[in-house]
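Asker: Following this line is query_32.cif, made up of mmCIF, C-alpha atoms:
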```cif
data_entry
loop_
_atom_site.group_PDB
_atom_site.id
_atom_site.type_symbol
_atom_site.label_atom_id
_atom_site.label_comp_id
_atom_site.auth_asym_id
_atom_site.auth_seq_id
_atom_site.Cartn_x
_atom_site.Cartn_y
_atom_site.Cartn_z
ATOM 1 C CA MET A 1 0.000 0.000 0.000
ATOM 2 C CA PRO A 2 1.259 3.513 -0.756
ATOM 3 C CA GLY A 3 1.949 6.063 1.965
ATOM 4 C CA GLN A 4 0.012 9.299 2.212
ATOM 5 C CA ILE A 5 0.823 13.000 2.430
ATOM 6 C CA THR A 6 -2.336 13.734 4.436
ATOM 7 C CA PRO A 7 -4.418 11.454 6.668
ATOM 8 C CA GLU A 8 -7.849 11.898 5.114
ATOM 9 C CA ALA A 9 -9.356 8.798 3.485
ATOM 10 C CA ILE A 10 -10.154 8.818 -0.210
ATOM 11 C CA PRO A 11 -13.945 8.699 -0.544
ATOM 12 C CA THR A 12 -15.336 5.941 -2.724
ATOM 13 C CA LYS A 13 -17.984 8.327 -4.052
ATOM 14 C CA GLN A 14 -17.838 12.082 -4.387
ATOM 15 C CA PRO A 15 -21.034 14.065 -4.834
ATOM 16 C CA VAL A 16 -21.202 16.639 -7.603
ATOM 17 C CA LEU A 17 -21.619 19.778 -5.527
ATOM 18 C CA ALA A 18 -22.662 23.289 -6.420
ATOM 19 C CA ASP A 19 -19.183 24.371 -5.298
ATOM 20 C CA ASP A 20 -16.533 21.786 -6.138
ATOM 21 C CA ARG A 21 -14.343 23.187 -3.365
ATOM 22 C CA SER A 22 -16.754 21.743 -0.775
ATOM 23 C CA ARG A 23 -15.783 18.189 -1.690
ATOM 24 C CA PRO A 24 -13.710 16.102 0.734
ATOM 25 C CA VAL A 25 -10.034 16.498 -0.216
ATOM 26 C CA PRO A 26 -8.469 13.148 -1.199
ATOM 27 C CA THR A 27 -5.055 12.102 0.021
ATOM 28 C CA VAL A 28 -1.999 12.178 -2.213
ATOM 29 C CA PRO A 29 -0.542 8.657 -2.167
ATOM 30 C CA ILE A 30 3.172 7.940 -1.886
ATOM 31 C CA PHE A 31 4.664 4.996 -3.785
ATOM 32 C CA ASP A 32 8.059 3.346 -3.729
ATOM 33 C CA SER A 33 9.546 3.277 -7.228
ATOM 34 C CA ALA A 34 10.786 -0.271 -6.657
ATOM 35 C CA THR A 35 7.277 -1.643 -6.160
ATOM 36 C CA ALA A 36 4.874 0.838 -7.806
ATOM 37 C CA THR A 37 2.842 -0.551 -10.698
ATOM 38 C CA VAL A 38 1.315 1.304 -13.622
ATOM 39 C CA ASP A 39 -2.188 0.199 -12.611
ATOM 40 C CA GLU A 40 -1.737 1.483 -9.040
ATOM 41 C CA VAL A 41 -0.443 4.862 -10.176
ATOM 42 C CA ILE A 42 -3.249 5.318 -12.705
ATOM 43 C CA ASP A 43 -5.883 4.345 -10.134
ATOM 44 C CA ARG A 44 -4.615 6.973 -7.703
ATOM 45 C CA LEU A 45 -4.281 9.617 -10.407
ATOM 46 C CA ILE A 46 -7.955 9.081 -11.178
ATOM 47 C CA ARG A 47 -8.860 9.378 -7.494
ATOM 48 C CA ALA A 48 -6.502 12.116 -6.284
ATOM 49 C CA GLY A 49 -5.076 13.688 -9.443
ATOM 50 C CA GLY A 50 -1.475 13.137 -8.354
ATOM 51 C CA CYS A 51 0.962 10.906 -6.496
ATOM 52 C CA VAL A 52 4.542 10.873 -5.234
ATOM 53 C CA VAL A 53 7.023 8.195 -6.329
ATOM 54 C CA ARG A 54 9.995 7.869 -3.980
ATOM 55 C CA GLY A 55 13.394 7.161 -5.536
ATOM 56 C CA ALA A 56 12.178 7.549 -9.121
ATOM 57 C CA VAL A 57 15.487 8.767 -10.570
ATOM 58 C CA ALA A 58 18.945 7.556 -9.526
ATOM 59 C CA PRO A 59 21.522 9.949 -7.979
ATOM 60 C CA GLU A 60 23.998 9.408 -10.824
ATOM 61 C CA VAL A 61 21.374 10.507 -13.374
ATOM 62 C CA LEU A 62 20.660 13.659 -11.367
ATOM 63 C CA ALA A 63 24.396 14.370 -11.177
ATOM 64 C CA GLN A 64 24.813 14.039 -14.931
ATOM 65 C CA ILE A 65 21.852 16.329 -15.640
ATOM 66 C CA GLU A 66 23.369 18.883 -13.270
ATOM 67 C CA GLN A 67 26.686 18.659 -15.111
ATOM 68 C CA ASP A 68 24.944 19.015 -18.490
ATOM 69 C CA THR A 69 22.741 21.972 -17.594
ATOM 70 C CA ARG A 70 24.165 24.141 -14.802
ATOM 71 C CA ARG A 71 25.765 26.519 -17.329
ATOM 72 C CA TYR A 72 22.358 27.095 -18.933
ATOM 73 C CA ILE A 73 20.795 27.861 -15.553
ATOM 74 C CA LEU A 74 23.487 30.443 -14.843
ATOM 75 C CA ALA A 75 23.008 32.017 -18.272
ATOM 76 C CA ASP A 76 19.233 32.515 -17.971
ATOM 77 C CA GLY A 77 17.895 36.017 -17.459
ATOM 78 C CA GLU A 78 15.373 37.516 -15.049
ATOM 79 C CA TRP A 79 11.679 36.933 -15.874
ATOM 80 C CA ALA A 80 9.942 40.241 -16.640
ATOM 81 C CA GLY A 81 6.312 39.043 -16.419
ATOM 82 C CA ASP A 82 4.045 37.834 -13.623
ATOM 83 C CA PHE A 83 3.826 34.074 -14.199
ATOM 84 C CA PHE A 84 7.226 33.225 -12.662
ATOM 85 C CA PRO A 85 8.903 34.999 -9.739
ATOM 86 C CA LYS A 86 11.984 36.968 -10.819
ATOM 87 C CA GLU A 87 14.248 34.682 -8.764
ATOM 88 C CA THR A 88 13.408 31.757 -11.082
ATOM 89 C CA ARG A 89 15.921 30.538 -13.659
ATOM 90 C CA ARG A 90 14.829 28.165 -16.423
ATOM 91 C CA VAL A 91 16.347 25.792 -18.958
ATOM 92 C CA CYS A 92 14.211 24.563 -21.862
ATOM 93 C CA GLY A 93 14.818 22.407 -24.925
ATOM 94 C CA LEU A 94 16.389 19.647 -22.847
ATOM 95 C CA ALA A 95 16.387 17.069 -25.659
ATOM 96 C CA GLY A 96 19.324 18.816 -27.285
ATOM 97 C CA LYS A 97 21.067 19.813 -24.070
ATOM 98 C CA SER A 98 21.056 16.706 -21.865
ATOM 99 C CA LYS A 99 20.849 13.100 -22.951
ATOM 100 C CA ALA A 100 20.678 12.154 -19.275
ATOM 101 C CA PHE A 101 17.532 14.250 -18.808
ATOM 102 C CA THR A 102 15.902 12.876 -21.939
ATOM 103 C CA GLU A 103 16.675 9.228 -21.290
ATOM 104 C CA GLY A 104 16.272 9.376 -17.501
ATOM 105 C CA ILE A 105 13.153 11.530 -17.201
ATOM 106 C CA VAL A 106 11.452 11.694 -20.617
ATOM 107 C CA GLY A 107 12.242 7.991 -21.039
ATOM 108 C CA HIS A 108 11.412 7.019 -17.446
ATOM 109 C CA ASP A 109 9.734 3.640 -17.786
ATOM 110 C CA LEU A 110 6.981 3.990 -15.161
ATOM 111 C CA PHE A 111 6.005 7.497 -16.212
ATOM 112 C CA LYS A 112 6.181 6.604 -19.895
ATOM 113 C CA GLN A 113 3.751 3.731 -19.400
ATOM 114 C CA VAL A 114 1.427 5.870 -17.282
ATOM 115 C CA GLY A 115 1.473 8.651 -19.876
ATOM 116 C CA ASP A 116 0.836 6.245 -22.734
ATOM 117 C CA ARG A 117 -2.172 4.748 -20.969
ATOM 118 C CA MET A 118 -3.639 8.103 -19.948
ATOM 119 C CA LEU A 119 -3.025 10.007 -23.189
ATOM 120 C CA ALA A 120 -2.838 7.634 -26.165
ATOM 121 C CA SER A 121 -5.912 7.842 -28.369
ATOM 122 C CA LYS A 122 -7.523 5.282 -30.651
ATOM 123 C CA ILE A 123 -10.161 5.841 -33.300
ATOM 124 C CA SER A 124 -11.784 3.435 -35.733
ATOM 125 C CA CYS A 125 -13.335 4.458 -39.030
ATOM 126 C CA TRP A 126 -14.300 3.141 -42.438
ATOM 127 C CA ILE A 127 -11.797 3.402 -45.278
ATOM 128 C CA GLY A 128 -13.743 1.945 -48.156
ATOM 129 C CA ASP A 129 -15.007 -1.448 -46.999
ATOM 130 C CA LYS A 130 -12.416 -1.804 -44.223
ATOM 131 C CA TRP A 131 -13.035 -0.834 -40.603
ATOM 132 C CA GLU A 132 -9.572 0.460 -39.635
ATOM 133 C CA GLU A 133 -8.275 1.218 -36.131
ATOM 134 C CA HIS A 134 -5.781 4.066 -35.754
ATOM 135 C CA LEU A 135 -3.456 4.919 -32.843
ATOM 136 C CA SER A 136 -2.282 8.369 -31.819
ATOM 137 C CA PRO A 137 0.505 7.803 -29.260
ATOM 138 C CA ALA A 138 1.412 10.260 -26.511
ATOM 139 C CA GLN A 139 4.243 12.714 -27.157
ATOM 140 C CA VAL A 140 6.477 15.203 -25.362
ATOM 141 C CA ASN A 141 4.708 18.416 -24.409
ATOM 142 C CA ASN A 142 7.552 20.327 -22.741
ATOM 143 C CA THR A 143 10.870 19.907 -20.929
ATOM 144 C CA ILE A 144 11.953 22.523 -18.378
ATOM 145 C CA ILE A 145 14.389 22.876 -15.480
ATOM 146 C CA PHE A 146 13.287 25.274 -12.751
ATOM 147 C CA SER A 147 15.833 26.801 -10.387
ATOM 148 C CA ILE A 148 13.989 28.862 -7.778
ATOM 149 C CA GLY A 149 16.159 31.057 -5.588
ATOM 150 C CA PRO A 150 15.701 32.446 -2.069
ATOM 151 C CA GLY A 151 13.124 35.196 -1.779
ATOM 152 C CA ALA A 152 10.923 33.991 -4.625
ATOM 153 C CA ARG A 153 7.223 34.612 -4.128
ATOM 154 C CA ALA A 154 4.607 31.893 -4.580
ATOM 155 C CA GLN A 155 3.425 31.187 -8.101
ATOM 156 C CA ALA A 156 -0.310 31.530 -8.725
ATOM 157 C CA LEU A 157 -2.242 28.259 -8.695
ATOM 158 C CA HIS A 158 -3.149 27.250 -12.231
ATOM 159 C CA ARG A 159 -4.059 24.324 -14.484
ATOM 160 C CA ASP A 160 -1.648 23.419 -17.267
ATOM 161 C CA ASP A 161 -4.419 22.080 -19.502
ATOM 162 C CA MET A 162 -5.452 25.682 -20.166
ATOM 163 C CA ILE A 163 -2.904 25.688 -23.016
ATOM 164 C CA HIS A 164 -5.106 23.243 -24.939
ATOM 165 C CA HIS A 165 -8.341 25.086 -24.060
ATOM 166 C CA ASN A 166 -9.515 22.065 -22.094
ATOM 167 C CA MET A 167 -12.679 22.775 -20.118
ATOM 168 C CA PRO A 168 -13.438 19.890 -17.739
ATOM 169 C CA ARG A 169 -16.884 19.337 -16.287
ATOM 170 C CA SER A 170 -17.602 18.746 -12.612
ATOM 171 C CA LYS A 171 -17.808 15.009 -12.030
ATOM 172 C CA ARG A 172 -17.543 12.229 -9.456
ATOM 173 C CA VAL A 173 -14.411 10.136 -9.344
ATOM 174 C CA GLU A 174 -16.310 7.102 -10.680
ATOM 175 C CA ASP A 175 -17.308 9.159 -13.737
ATOM 176 C CA TYR A 176 -13.716 9.981 -14.687
ATOM 177 C CA GLU A 177 -12.799 8.630 -18.121
ATOM 178 C CA ILE A 178 -9.247 7.833 -19.170
ATOM 179 C CA GLY A 179 -8.486 10.087 -22.114
ATOM 180 C CA GLN A 180 -10.284 13.197 -20.853
ATOM 181 C CA ASP A 181 -7.040 14.831 -19.710
ATOM 182 C CA THR A 182 -4.775 16.519 -22.236
ATOM 183 C CA GLY A 183 -1.542 16.147 -20.286
ATOM 184 C CA VAL A 184 0.339 14.424 -17.481
ATOM 185 C CA GLY A 185 3.287 15.976 -15.635
ATOM 186 C CA PHE A 186 6.382 14.500 -14.001
ATOM 187 C CA PHE A 187 8.319 16.710 -11.554
ATOM 188 C CA VAL A 188 11.609 15.280 -10.288
ATOM 189 C CA ALA A 189 13.441 16.898 -7.372
ATOM 190 C CA ALA A 190 17.117 17.453 -8.153
ATOM 191 C CA LYS A 191 17.613 18.857 -4.650
ATOM 192 C CA LYS A 192 15.478 18.462 -1.553
ATOM 193 C CA SER A 193 12.144 20.193 -2.137
ATOM 194 C CA THR A 194 10.465 21.494 1.030
ATOM 195 C CA ARG A 195 7.599 23.742 1.940
ATOM 196 C CA ALA A 196 10.167 26.355 3.004
ATOM 197 C CA ASN A 197 12.143 26.398 -0.256
ATOM 198 C CA GLY A 198 9.173 26.328 -2.618
ATOM 199 C CA ALA A 199 7.744 22.807 -2.961
ATOM 200 C CA THR A 200 4.897 22.478 -5.459
ATOM 201 C CA ARG A 201 1.474 23.330 -4.047
ATOM 202 C CA PHE A 202 -1.216 21.030 -5.380
ATOM 203 C CA ILE A 203 -4.985 20.743 -4.841
ATOM 204 C CA PRO A 204 -5.835 17.026 -4.718
ATOM 205 C CA GLY A 205 -9.003 16.121 -6.566
ATOM 206 C CA SER A 206 -9.181 19.374 -8.528
ATOM 207 C CA HIS A 207 -9.097 17.402 -11.799
ATOM 208 C CA LEU A 208 -12.737 16.572 -10.992
ATOM 209 C CA TRP A 209 -13.721 20.217 -10.670
ATOM 210 C CA ALA A 210 -15.547 22.248 -13.289
ATOM 211 C CA HIS A 211 -13.477 24.487 -15.531
ATOM 212 C CA ALA A 212 -14.880 27.654 -13.929
ATOM 213 C CA THR A 213 -14.229 26.594 -10.315
ATOM 214 C CA PRO A 214 -11.436 28.830 -8.967
ATOM 215 C CA PRO A 215 -8.570 27.490 -6.830
ATOM 216 C CA ASP A 216 -8.651 27.661 -3.039
ATOM 217 C CA GLU A 217 -5.268 27.962 -1.310
ATOM 218 C CA SER A 218 -6.627 26.417 1.888
ATOM 219 C CA LEU A 219 -7.109 23.094 0.047
ATOM 220 C CA ALA A 220 -3.537 22.862 -1.275
ATOM 221 C CA VAL A 221 -0.931 20.392 -0.019
ATOM 222 C CA HIS A 222 2.831 20.561 -0.583
ATOM 223 C CA ALA A 223 4.620 17.869 -2.591
ATOM 224 C CA GLU A 224 7.771 17.689 -0.477
ATOM 225 C CA LEU A 225 10.397 15.557 -2.190
ATOM 226 C CA GLU A 226 13.849 14.133 -1.538
ATOM 227 C CA PRO A 227 16.370 14.255 -4.401
ATOM 228 C CA GLY A 228 15.285 11.722 -7.027
ATOM 229 C CA ASP A 229 11.655 11.589 -5.898
ATOM 230 C CA GLY A 230 9.028 12.201 -8.566
ATOM 231 C CA PHE A 231 5.604 13.839 -8.449
ATOM 232 C CA ILE A 232 3.185 12.665 -11.165
ATOM 233 C CA PHE A 233 -0.018 14.645 -11.708
ATOM 234 C CA LEU A 234 -2.734 15.434 -14.210
ATOM 235 C CA SER A 235 -2.598 18.721 -16.129
ATOM 236 C CA SER A 236 -6.177 19.478 -15.075
ATOM 237 C CA CYS A 237 -5.138 19.801 -11.406
ATOM 238 C CA TYR A 238 -4.449 23.154 -9.807
ATOM 239 C CA HIS A 239 -0.797 23.513 -8.813
ATOM 240 C CA GLY A 240 1.976 26.104 -8.509
ATOM 241 C CA GLY A 241 5.400 26.637 -7.023
ATOM 242 C CA SER A 242 5.484 27.906 -3.437
ATOM 243 C CA ALA A 243 7.454 30.826 -2.040
ATOM 244 C CA ASN A 244 11.119 30.147 -1.304
ATOM 245 C CA THR A 245 11.348 31.643 2.183
ATOM 246 C CA THR A 246 14.887 30.397 2.830
ATOM 247 C CA THR A 247 17.988 32.569 2.681
ATOM 248 C CA ASP A 248 20.363 30.096 1.046
ATOM 249 C CA GLU A 249 18.491 27.183 -0.620
ATOM 250 C CA GLU A 250 17.906 26.605 -4.310
ATOM 251 C CA ARG A 251 14.824 24.622 -5.213
ATOM 252 C CA LEU A 252 15.913 22.681 -8.287
ATOM 253 C CA LEU A 253 13.211 20.824 -10.186
ATOM 254 C CA TYR A 254 13.319 18.809 -13.410
ATOM 255 C CA SER A 255 9.943 19.106 -15.146
ATOM 256 C CA PHE A 256 8.474 17.124 -18.025
ATOM 257 C CA PHE A 257 4.947 16.950 -19.457
ATOM 258 C CA MET A 258 3.419 14.587 -21.997
ATOM 259 C CA THR A 259 0.377 15.347 -24.117
ATOM 260 C CA LYS A 260 -1.827 13.706 -26.715
ATOM 261 C CA GLY A 261 -0.287 12.961 -30.090
ATOM 262 C CA TYR A 262 -2.832 15.031 -32.024
ATOM 263 C CA LEU A 263 -2.427 18.214 -29.957
ATOM 264 C CA ARG A 264 0.093 20.977 -30.533
ATOM 265 C CA GLN A 265 3.123 20.638 -28.264
ATOM 266 C CA GLU A 266 3.564 23.445 -25.730
ATOM 267 C CA GLU A 267 7.303 23.569 -26.413
ATOM 268 C CA ASN A 268 8.170 23.554 -30.112
ATOM 269 C CA GLN A 269 10.546 20.592 -30.179
ATOM 270 C CA TYR A 270 11.687 21.230 -33.754
ATOM 271 C CA LEU A 271 13.027 24.715 -32.987
ATOM 272 C CA ALA A 272 14.059 24.041 -29.380
ATOM 273 C CA SER A 273 16.531 21.355 -30.561
ATOM 274 C CA SER A 274 17.651 20.846 -34.133
ATOM 275 C CA TYR A 275 17.037 17.478 -35.758
ATOM 276 C CA ASP A 276 20.738 17.184 -36.633
ATOM 277 C CA THR A 277 21.477 17.354 -32.903
ATOM 278 C CA VAL A 278 18.872 14.921 -31.609
ATOM 279 C CA ALA A 279 19.205 12.452 -34.507
ATOM 280 C CA ASN A 280 22.696 11.569 -33.313
ATOM 281 C CA MET A 281 21.631 11.250 -29.680
ATOM 282 C CA TYR A 282 18.512 9.065 -29.662
ATOM 283 C CA ASP A 283 16.903 5.997 -31.183
ATOM 284 C CA ASP A 284 13.750 6.109 -33.305
ATOM 285 C CA ASP A 285 11.467 5.435 -30.348
ATOM 286 C CA MET A 286 12.691 8.540 -28.537
ATOM 287 C CA LEU A 287 12.677 10.652 -31.703
ATOM 288 C CA GLN A 288 9.042 9.722 -32.295
ATOM 289 C CA ARG A 289 8.226 10.526 -28.660
ATOM 290 C CA LEU A 290 9.773 13.954 -29.228
ATOM 291 C CA GLY A 291 7.310 14.469 -32.093
ATOM 292 C CA TYR A 292 9.017 13.106 -35.206
ATOM 293 C CA SER A 293 6.084 10.805 -35.790
ATOM 294 C CA VAL A 294 2.624 10.438 -37.283
ATOM 295 C CA SER A 295 -0.560 10.576 -35.259
ATOM 296 C CA ALA A 296 -2.594 8.027 -37.196
ATOM 297 C CA PRO A 297 -4.351 8.471 -39.461
ATOM 298 C CA PHE A 298 -2.116 10.789 -41.487
ATOM 299 C CA LEU A 299 -1.505 13.640 -39.021
ATOM 300 C CA GLY A 300 2.015 15.050 -39.179
ATOM 301 C CA TRP A 301 3.419 13.882 -42.518
ATOM 302 C CA VAL A 302 6.056 15.625 -44.652
ATOM 303 C CA ASP A 303 5.587 15.227 -48.413
ATOM 304 C CA LEU A 304 3.099 12.462 -47.508
ATOM 305 C CA LYS A 305 5.878 10.580 -45.728
ATOM 306 C CA HIS A 306 6.540 9.669 -42.102
ATOM 307 C CA PRO A 307 8.752 12.495 -40.732
ATOM 308 C CA LEU A 308 11.702 10.167 -40.121
ATOM 309 C CA ASP A 309 11.418 8.767 -43.668
ATOM 310 C CA ALA A 310 11.323 12.283 -45.111
ATOM 311 C CA ILE A 311 14.331 13.483 -43.132
ATOM 312 C CA ARG A 312 16.354 10.406 -44.087
ATOM 313 C CA GLY A 313 15.523 10.696 -47.765
ATOM 314 C CA GLU A 314 13.463 7.517 -48.056
ATOM 315 C CA SER A 315 11.799 7.332 -51.461
ATOM 316 C CA LYS A 316 9.235 4.642 -50.688
ATOM 317 C CA LEU A 317 5.710 5.912 -50.009
ATOM 318 C CA ARG A 318 3.385 4.033 -47.642
ATOM 319 C CA ASP A 319 0.034 4.409 -45.955
ATOM 320 C CA LEU A 320 0.198 6.465 -42.782
ATOM 321 C CA TYR A 321 -2.568 4.751 -40.885
#
```
Take the structure in the file and write it out as structure tokens.

Answerer:
Amino acid sequence: MPGQITPEAIPTKQPVLADDRSRPVPTVPIFDSATATVDEVIDRLIRAGGCVVRGAVAPEVLAQIEQDTRRYILADGEWAGDFFPKETRRVCGLAGKSKAFTEGIVGHDLFKQVGDRMLASKISCWIGDKWEEHLSPAQVNNTIIFSIGPGARAQALHRDDMIHHNMPRSKRVEDYEIGQDTGVGFFVAAKKSTRANGATRFIPGSHLWAHATPPDESLAVHAELEPGDGFIFLSSCYHGGSANTTTDEERLLYSFFMTKGYLRQEENQYLASSYDTVANMYDDDMLQRLGYSVSAPFLGWVDLKHPLDAIRGESKLRDLY
């Protein structure tokens, strides 16, 4: 059985209330990466919207990502808008900057399987006299490193599915349908993440709330993580970084989101990292996960070819469904 961040029991039924914020707040389960199963994680995502996985990424992988990316963190400038506190430094386009990040976090086996199950889409349709089934696999949505320095204010609570104009309806947990979410996130702590230094605030169960229901800070819990721990959550859940009230601690977080194969990626992978760079770093499976693929039927071709065939100069044409 997983551990729990808070002691409240997860209700087996949740009433659809006039104000979603009046619902009982479910617990956020804690799994051990050595024993967690895909089915368990998905079940708890459906119930709570998120879960913690202890020991998800090995220390040597974290160390290599740090070595690959620290220079980019130091080179980033101060944010001029409101969405991030000015003490935040960011690194994007990780596919071309860190093979360790891409293989260790984007390619993380448990999260990859969870994302595929939650986001892959199938459709069947007639093509002539044949009833064909088509698969649109999940793909990378964005890759970001967040370095949040002392003195940073709290980030506003928000839902990441707003980028795809997703507007969920209020529902009971038993009415949740796999496929209704447009994204799943995976936050990995590179350093200890505490309430004091800015751990992610998260409202459990808010994936079941109506689109127009505003967040309530009093319902948020903090996803406190040890280095290598992961926090998996649905994009429809309210979350945000907390204030870093320390005087000398960096909150360092490795962030990755997946989305549906037929939706536009939040981070443009083709400009963020050149194909010439990533082609020499990864196998075809990873390249297709980055977006060099076809969402069947037919979505994403180049000269009516699979993107990898087109880039490699393949002359043979084939059906893309």

Asker: Go through the shown structure with the PyMOL selection byres ((chain A and resi 148-160) around 9) and write out the matching residues as a PyMOL selection string.

Answerer: chain A and resi 82-90+146-147+161-164+183+197-198+201-203+207+215-217+234-253

Asker: Set out as a tab-separated table a contact list for range 96-118 of chain A and range 276-280 of chain A with a cut-off of 10 Å, giving each residue of range 96-118 of chain A that qualifies its closest atom pair and distance in Å to one decimal, counting all atoms listed in the file, ordered by chain and rising residue number.

Answerer:
```
residue	atom	partner	partner_atom	distance
A:Gly96	CA	A:Val278	CA	5.8
A:Lys97	CA	A:Thr277	CA	9.2
A:Lys99	CA	A:Val278	CA	9.1
```

Asker: Enter the distance from CA of Val221 in chain A to CA of Glu174 in chain A, in Å, rounded to one decimal.

Answerer: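 Rounded to one decimal, the two atoms are 23.0 Å apart.
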
Asker: Could you tell me which residues the PyMOL selection byres ((chain A and resi 69-77) around 6) returns for this structure, as a ChimeraX atom specification?

Answerer: /A:66-68,78,89,91

Asker: What separation in Å, quoted to one decimal, exists between CA of Gly185 in chain A and CA of Pro307 in chain A?

Answerer: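 If I compute the distance from CA of Gly185 in chain A to CA of Pro307 in chain A, I get 25.9 Å.
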
Asker: One decimal, in Å: what's the spacing between CA of Asn142 in chain A and CA of Ser295 in chain A?

Answerer: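 If I compute the distance from CA of Asn142 in chain A to CA of Ser295 in chain A, I get 17.8 Å.
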
Asker: Quick one: of A:Lys316, A:Glu266, A:Ala56, A:Gly128, who's nearest to Phe187 in chain A, counting all atoms listed in the file?

Answerer: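 Under the stated criterion, the closest residue is A:Ala56.
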
Asker: Starting from the shown file, work through the PyMOL selection byres ((chain A and resi 190) around 7) and note down what comes out as a compact mmCIF listing (two decimals) with C-alpha atoms, in the coordinates of the input.

Answerer:
```txt
# COMPACT_ATOMS: atom_id res chain seq x y z
CA LEU A 62 20.66 13.66 -11.37
CA VAL A 188 11.61 15.28 -10.29
CA ALA A 189 13.44 16.90 -7.37
CA LYS A 191 17.61 18.86 -4.65
CA LYS A 192 15.48 18.46 -1.55
CA PRO A 227 16.37 14.26 -4.40
CA GLY A 228 15.28 11.72 -7.03
CA LEU A 252 15.91 22.68 -8.29
CA LEU A 253 13.21 20.82 -10.19
CA TYR A 254 13.32 18.81 -13.41
```

Asker: Fewer than 4 positions away in the same chain doesn't count, so skip those; otherwise give me all residues within 9 Å of Ala212 in chain A, counting all atoms listed in the file, as number ranges by chain.

Answerer: A: 167-169

Asker: Which of these, A:Lys305, A:Lys130, A:Arg117, A:Lys171, has the shortest distance to Val184 in chain A once you count all atoms listed in the file?

Answerer: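 Residue with the minimum atom-to-atom distance to Val184 in chain A: A:Arg117.
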
Asker: Which of these, A:Ser193, A:Glu103, A:Asp109, A:Gln64, has the shortest distance to Asp229 in chain A once you count only C-alpha atoms?

Answerer: A:Ser193

Asker: So that I can see what lies close to Thr213 in chain A, please list as a tab-separated table (two decimals) with C-alpha atoms, keeping the file's coordinate frame the residues with an atom at most 8 Å from it, counting only C-alpha atoms and leaving out residues fewer than 2 positions away in the same chain.

Answerer:
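As written to disk, part.tsv reads:
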```tsv
chain	number	residue	atom	x	y	z
A	19	ASP	CA	-19.18	24.37	-5.30
A	20	ASP	CA	-16.53	21.79	-6.14
A	21	ARG	CA	-14.34	23.19	-3.36
A	209	TRP	CA	-13.72	20.22	-10.67
A	210	ALA	CA	-15.55	22.25	-13.29
A	211	HIS	CA	-13.48	24.49	-15.53
A	215	PRO	CA	-8.57	27.49	-6.83
```

Asker: Compile the contact shell of Leu304 in chain A as number ranges by chain: residues with an atom at most 9 Å away, counting all atoms listed in the file, same-chain residues fewer than 5 positions apart removed.

Answerer: A: 298, 310, 317-320

Asker: Could you give me, as a list in words, the residues within 10 Å of Leu94 in chain A, counting all atoms listed in the file and dropping anything in the same chain fewer than 5 positions from it?

Answerer: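 Once the adjacent positions are removed, what remains is Ile65, Asp68, Thr69, Lys99, Ala100, Phe101, Thr102, Val106, Asn142, Thr143, Ile144, Ile145, Tyr254, Phe256, Gln269, Ala272 and Ser273 of chain A.
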
Asker: Given 8 Å of margin on each side, can you work out the centre and size in Å (one decimal) of an axis-aligned box holding every listed atom of range 179-189 of chain A, as AutoDock Vina command-line options?

Answerer:
```
--center_x 1.6 --center_y 13.5 --center_z -14.8 --size_x 39.7 --size_y 22.8 --size_z 30.9
```

Asker: Any idea what's packed within 9 Å of Gly291 in chain A, counting all atoms listed in the file, ignoring anything in its chain fewer than 4 positions away? Could you give it as a list of chain:residue names?

Answerer: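 Listing them by chain and then by number gives A:Gln139, A:Val140, A:Gly261, A:Gln265, A:Gln269, A:Tyr270, A:Met286, A:Leu287, A:Gly300, A:Pro307.
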
Asker: Rank A:Ser124, A:Asn166, A:Thr37, A:Gln180 by their smallest atom-to-atom distance to Phe111 in chain A, using all atoms listed in the file, and report the top residue only.

Answerer: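 Nearest candidate to Phe111 in chain A out of A:Ser124, A:Asn166, A:Thr37, A:Gln180: A:Thr37.
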
Asker: Between A:Val53, A:Leu208, A:Leu290, A:Cys92, which one has atoms that come closest to Pro24 in chain A, using only C-alpha atoms?

Answerer: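 Among the listed residues, A:Leu208 lies closest to Pro24 in chain A.
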